[in-house]
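J.: Below is one structure. I have some questions about it.
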Amino acid sequence: MSTLPGSGSRVEDSSESVYDFGEVIPPVPETIEEAGLSESTVEQLLLKTLFFRNEIIASELAAAVGFKFSVIDSLLESLKYKRLVHVKRSLGMGDASGVLALSEAGRNLAFSFLETNQYTGPAPVPLFQYSILVRKQRREGGWLSQDALAYAYRKMVVTPEILAHIGPAVSSGNSFLIYGRPGNGKTYLAEALVNLDYAPIFVPYAIECQGQIVQVFDPMYHQPIDDEEASSVFDCEPSWDKRFAKCRRPFIVTGGELTLEMLDLTYNATSKVYDAPFQVKANNGIYLIDDFGRQKATPAEVLNRWIVPMERRVDFLSFRSGGKMTVPFEAFLIFSTNLRPRQLGDEAFLRRIQYKMLMPNPSEEEFAEIFRQFCRSRELACAEPLMERFIDQHYRRTGRPLRRCHPRDVLSHAIDLIDFELLPQELTDELLDRAFESCFMQKTDEPPNRRRNKVRTRSADRTGRPPRPRNA
């Protein structure tokens with residue numbers, strides 16, 4: 001154990017022999033040492049929390065920083081002795097019921113700590129504790145069964161061949177590329193995987209490394225699960241370390257807006273706290289890179305960023321000061337693209353993605369079943385001959401390719417027409433034709449040369465001069 005110069009944080013041996021969670025539940029620390037933090041780090045957090053709260057009951061202060069009151073009791077006594085904190089009044093139930101506030105000296109000291117960083121909230125988790133928990137929460141090989149996979153896709157029309165492609169990729173947890181024409185449900189196919197495993201995971205609110213604070217918990221992507229019974233703040237015995245949030249496995253999607261900078265630590269110059277990148281927030285869950293190949297960075301640049309993480313299951317992130325932190329990489333990476341694979345890169349490039357699957361256009365049988373299911377979900381009456389005529393008129397005769405999204409799009413437009421015109425809740429040939437026309441671009445009947453002449457005429461009107469002859 002050693003201390004980083006000027007950081008007040010200790011560097012622990014990262015081996016599991018030093019800190020072992022046992023079960024996949026972070027144990028409640030009984031002391032500051034078990035929490036893996038220095039006393040100065042916790043003292044700074046207590047003072048900053050009091051600075052923003054003005055006054056707070058001691059037990060609530062402990063809960064705000066994620067500890068039992070017994071863990072911080074001695075620290076509070078030390079702060080009182082130094083006249084940095086005083087008790088304004090007591091609720092008469094011991095030290096935990098005292099209402100605390102900062103003295104003038106305490107406010108000045110807290111303000112100086114805020115110059116270093118403005119993080120307040122549950123105490124950060126040392127990087128080595130976080131790394132151990134992430135690896136313990138990883139799904140073991142062979143966890144996925146065919147029945148569980150079929151159940152996850154029970155609301156989606158998929159063939160056994162598609163399930164046979166998805167299963168091994170998901171079970172292995174390795175990278176997965178889904179490609180095919182737009183509108184065939186590639187994103188929906190990935191989203192349904194969230195329902196495969198309901199076992200919760202634990203996500204730290206923040207990580208401490210080299211004296212820096214990195215926020216990990218993000219309410220946009222992490223859905224907390226609170227299954228503890230409410231009890232008094234004075235005798236609440238937590239079931240797990242409250243520096244972690246109990247959540248569902250995350251599912252994070254980024255598309256064409258993704259840049260390489262988003263895949264590293266982001267420094268907030270105001271709060272002086274780092275924000276974790278997407279792949280860290282997606283640990284023990286799924287990270288979908290949608291519209292792969294349409295980012296500002298090239299596919300080669302994006303994929304090269306993942307070479308080491310995908311192979312070694314570790315990622316290297318950079319602090320603004322030039323320091324590095326090594327974090328576990330246990331996110332299931334899914335790439336989804338409308339481009340042809342050869343547009344993404346050569347064979348050696350694509351080999352780095354372990355599994356690939358083409359999402360084909362649906363057959364007429366699949367298309368019809370999707371049509372039926374959507375009608376049933378909206379309680380919309382639809383006769384089989386009517387659906388058959390619709391497919392024949394708009395797809396067989398025209399050669400328009402079938403897409404899995406078309407039934408939803410056309411029927412949604414039909415429902416909008418029914419609601420707007422107060423029509424009976426049933427489909428007709430005319431209603432489907434109108435809905436279809438509002439979904440797709442229609443070809444104009446006007447010859448192209450006539451359209452060009454109109455453009456020339458409008459141009460002449462604007463300038464006040466007739467268009468120049470072609471041979472002029």
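Residue numbering restarts at 1 in every chain; chains get A, B, ... in the order shown in the structure tokens, and ligands count up from 1 in that same order.
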Any idea what's packed within 12 Å of Ser70 of chain A, counting only C-alpha atoms, ignoring anything in its chain fewer than 6 positions away? Could you give it as a ChimeraX atom specification?
T.: /A:28-32,58-59,61-63,76-77,94-96,234-237
J.: Taking 3 positions as the minimum chain separation for residues in the same chain, which residues sit within 8 Å of segment 174-191 of chain A when counting only C-alpha atoms? Answer as a PyMOL selection string.
T.: chain A and resi 169-170+194+251+288+290+310+332-341+353-362+403-406
J.: Any chance you could export the current selection's C-alpha atoms as a PDB file, in the first residue's frame?
T.:
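What ended up in selection36.pdb:
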ATOM      1  CA  ALA A 169     -22.717 -14.490 -30.667  1.00  0.00           C
ATOM      2  CA  VAL A 170     -24.745 -13.371 -27.639  1.00  0.00           C
ATOM      3  CA  VAL A 194     -31.979  -6.606 -23.003  1.00  0.00           C
ATOM      4  CA  PHE A 251     -28.277  -0.925 -23.193  1.00  0.00           C
ATOM      5  CA  LEU A 288     -24.824  -0.827 -29.922  1.00  0.00           C
ATOM      6  CA  ASP A 290     -25.858   1.975 -34.914  1.00  0.00           C
ATOM      7  CA  MET A 310     -12.102  -6.670 -27.742  1.00  0.00           C
ATOM      8  CA  PHE A 332     -21.135  -6.728 -25.579  1.00  0.00           C
ATOM      9  CA  LEU A 333     -20.316  -4.706 -28.700  1.00  0.00           C
ATOM     10  CA  ILE A 334     -22.877  -4.797 -31.521  1.00  0.00           C
ATOM     11  CA  PHE A 335     -22.278  -3.022 -34.813  1.00  0.00           C
ATOM     12  CA  SER A 336     -25.330  -2.392 -36.999  1.00  0.00           C
ATOM     13  CA  THR A 337     -25.025  -1.058 -40.538  1.00  0.00           C
ATOM     14  CA  ASN A 338     -26.997  -0.527 -43.726  1.00  0.00           C
ATOM     15  CA  LEU A 339     -23.780  -0.546 -45.753  1.00  0.00           C
ATOM     16  CA  ARG A 340     -22.363  -3.556 -47.527  1.00  0.00           C
ATOM     17  CA  PRO A 341     -19.495  -5.162 -45.598  1.00  0.00           C
ATOM     18  CA  ILE A 353     -15.385  -8.537 -35.501  1.00  0.00           C
ATOM     19  CA  GLN A 354     -16.017 -12.069 -34.263  1.00  0.00           C
ATOM     20  CA  TYR A 355     -19.585 -12.707 -35.498  1.00  0.00           C
ATOM     21  CA  LYS A 356     -21.445 -11.418 -38.565  1.00  0.00           C
ATOM     22  CA  MET A 357     -25.058 -11.826 -39.613  1.00  0.00           C
ATOM     23  CA  LEU A 358     -27.032 -10.661 -42.621  1.00  0.00           C
ATOM     24  CA  MET A 359     -30.523  -9.450 -41.731  1.00  0.00           C
ATOM     25  CA  PRO A 360     -32.363 -10.387 -44.943  1.00  0.00           C
ATOM     26  CA  ASN A 361     -35.594  -9.049 -46.333  1.00  0.00           C
ATOM     27  CA  PRO A 362     -38.597 -10.979 -44.993  1.00  0.00           C
ATOM     28  CA  ARG A 403     -39.191  -4.685 -45.481  1.00  0.00           C
ATOM     29  CA  ARG A 404     -40.086  -5.637 -41.936  1.00  0.00           C
ATOM     30  CA  CYS A 405     -40.968  -2.055 -41.037  1.00  0.00           C
ATOM     31  CA  HIS A 406     -43.512  -1.597 -43.838  1.00  0.00           C
TER      32      HIS A 406
END
J.: Tell me which protein, DNA and RNA residues are within 10 Å of segment 412-415 of chain A, counting only C-alpha atoms, leaving out same-chain ones fewer than 3 positions away, and put them as a PyMOL selection string.
T.: chain A and resi 374-375+378+380+406-409+418-421+423+425-428+430-439
J.: To one decimal in Å, tell me the separation between atom CA of Tyr395 of chain A and atom CA of Ala383 of chain A.
T.: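 Separating atom CA of Tyr395 of chain A from atom CA of Ala383 of chain A is a distance of 18.1 Å.
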J.: Please report, as a VMD selection string, each residue of segment 7-218 of chain A to which DSSP assigns strand (DSSP E) when run on this structure's backbone.
T.: chain A and resid 10 to 11 55 to 57 85 to 90 98 to 102 125 to 126 176 to 179 201 to 204 206 to 209 212 to 215
J.: Between atom CA of Asn108 of chain A and atom CA of Phe51 of chain A, measure the distance and give it in Å to one decimal.
T.: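 Distance between the two atoms: 9.4 Å.
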J.: Quick one: which segment 305-328 of chain A residues come within 10 Å of segment 113-137 of chain A, and what is the nearest atom pair for each with the distance in Å to one decimal, counting only C-alpha atoms, rows ordered by chain and ascending number, as a tab-separated table?
T.:
residue	atom	partner	partner_atom	distance
A:Arg313	CA	A:Arg135	CA	9.7
A:Val314	CA	A:Ser131	CA	9.7
A:Met325	CA	A:Leu127	CA	8.5
A:Thr326	CA	A:Leu127	CA	8.6
A:Val327	CA	A:Ser131	CA	6.5
A:Pro328	CA	A:Ser131	CA	5.9
J.: Could you turn the residues from that selection into a file that holds C-alpha atoms, as an mmCIF file, in the first residue's frame?
T.:
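Final file, result_33.cif:
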data_model
loop_
_atom_site.group_PDB
_atom_site.id
_atom_site.type_symbol
_atom_site.label_atom_id
_atom_site.label_comp_id
_atom_site.auth_asym_id
_atom_site.auth_seq_id
_atom_site.Cartn_x
_atom_site.Cartn_y
_atom_site.Cartn_z
ATOM 1 C CA ARG A 313 -11.149 -7.206 -22.336
ATOM 2 C CA VAL A 314 -9.400 -4.147 -20.910
ATOM 3 C CA MET A 325 -6.288 4.289 -16.106
ATOM 4 C CA THR A 326 -6.970 0.676 -17.038
ATOM 5 C CA VAL A 327 -10.612 -0.367 -16.805
ATOM 6 C CA PRO A 328 -12.331 -3.683 -17.574
#
J.: Take atom CA of Val24 of chain A and atom CA of Leu193 of chain A and report the distance between them in Å, one decimal.
T.: 21.6 Å
J.: For a quick check of understanding, using only C-alpha atoms, which of A:Gln44, A:Phe329, A:Lys80, A:Glu388 has the smallest distance to Ser112 of chain A?
T.: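 Closest candidate: A:Gln44.
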J.: Counting only C-alpha atoms, what is within 10 Å of Pro224 of chain A, bar same-chain residues fewer than 2 positions away, as a list in words?
T.: Pro200, Ile201, Phe202, Val203, Phe217, Pro219, Tyr221, His222, Asp226, Asp227, Ala245, Lys246, Cys247, Arg248 and Arg249 of chain A
J.: Taking only C-alpha atoms into account, name the residue in A:Pro26, A:Gly322, A:Gly167, A:Gly66 that is nearest to Ala150 of chain A.
T.: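 Nearest candidate to Ala150 of chain A out of A:Pro26, A:Gly322, A:Gly167, A:Gly66: A:Gly167.
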J.: For Thr259 of chain A, which residue out of A:Ser271, A:Leu91, A:Thr298, A:Asn284 is the nearest one, using only C-alpha atoms?
T.: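 Between A:Ser271, A:Leu91, A:Thr298, A:Asn284, the residue approaching Thr259 of chain A most closely is A:Thr298.
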J.: Residues near Met220 of chain A, anyone? I mean within 12 Å using only C-alpha atoms, not counting same-chain ones fewer than 5 positions away, as an MDAnalysis selection string.
T.: chainID A and resid 247 250:253 278 281:282
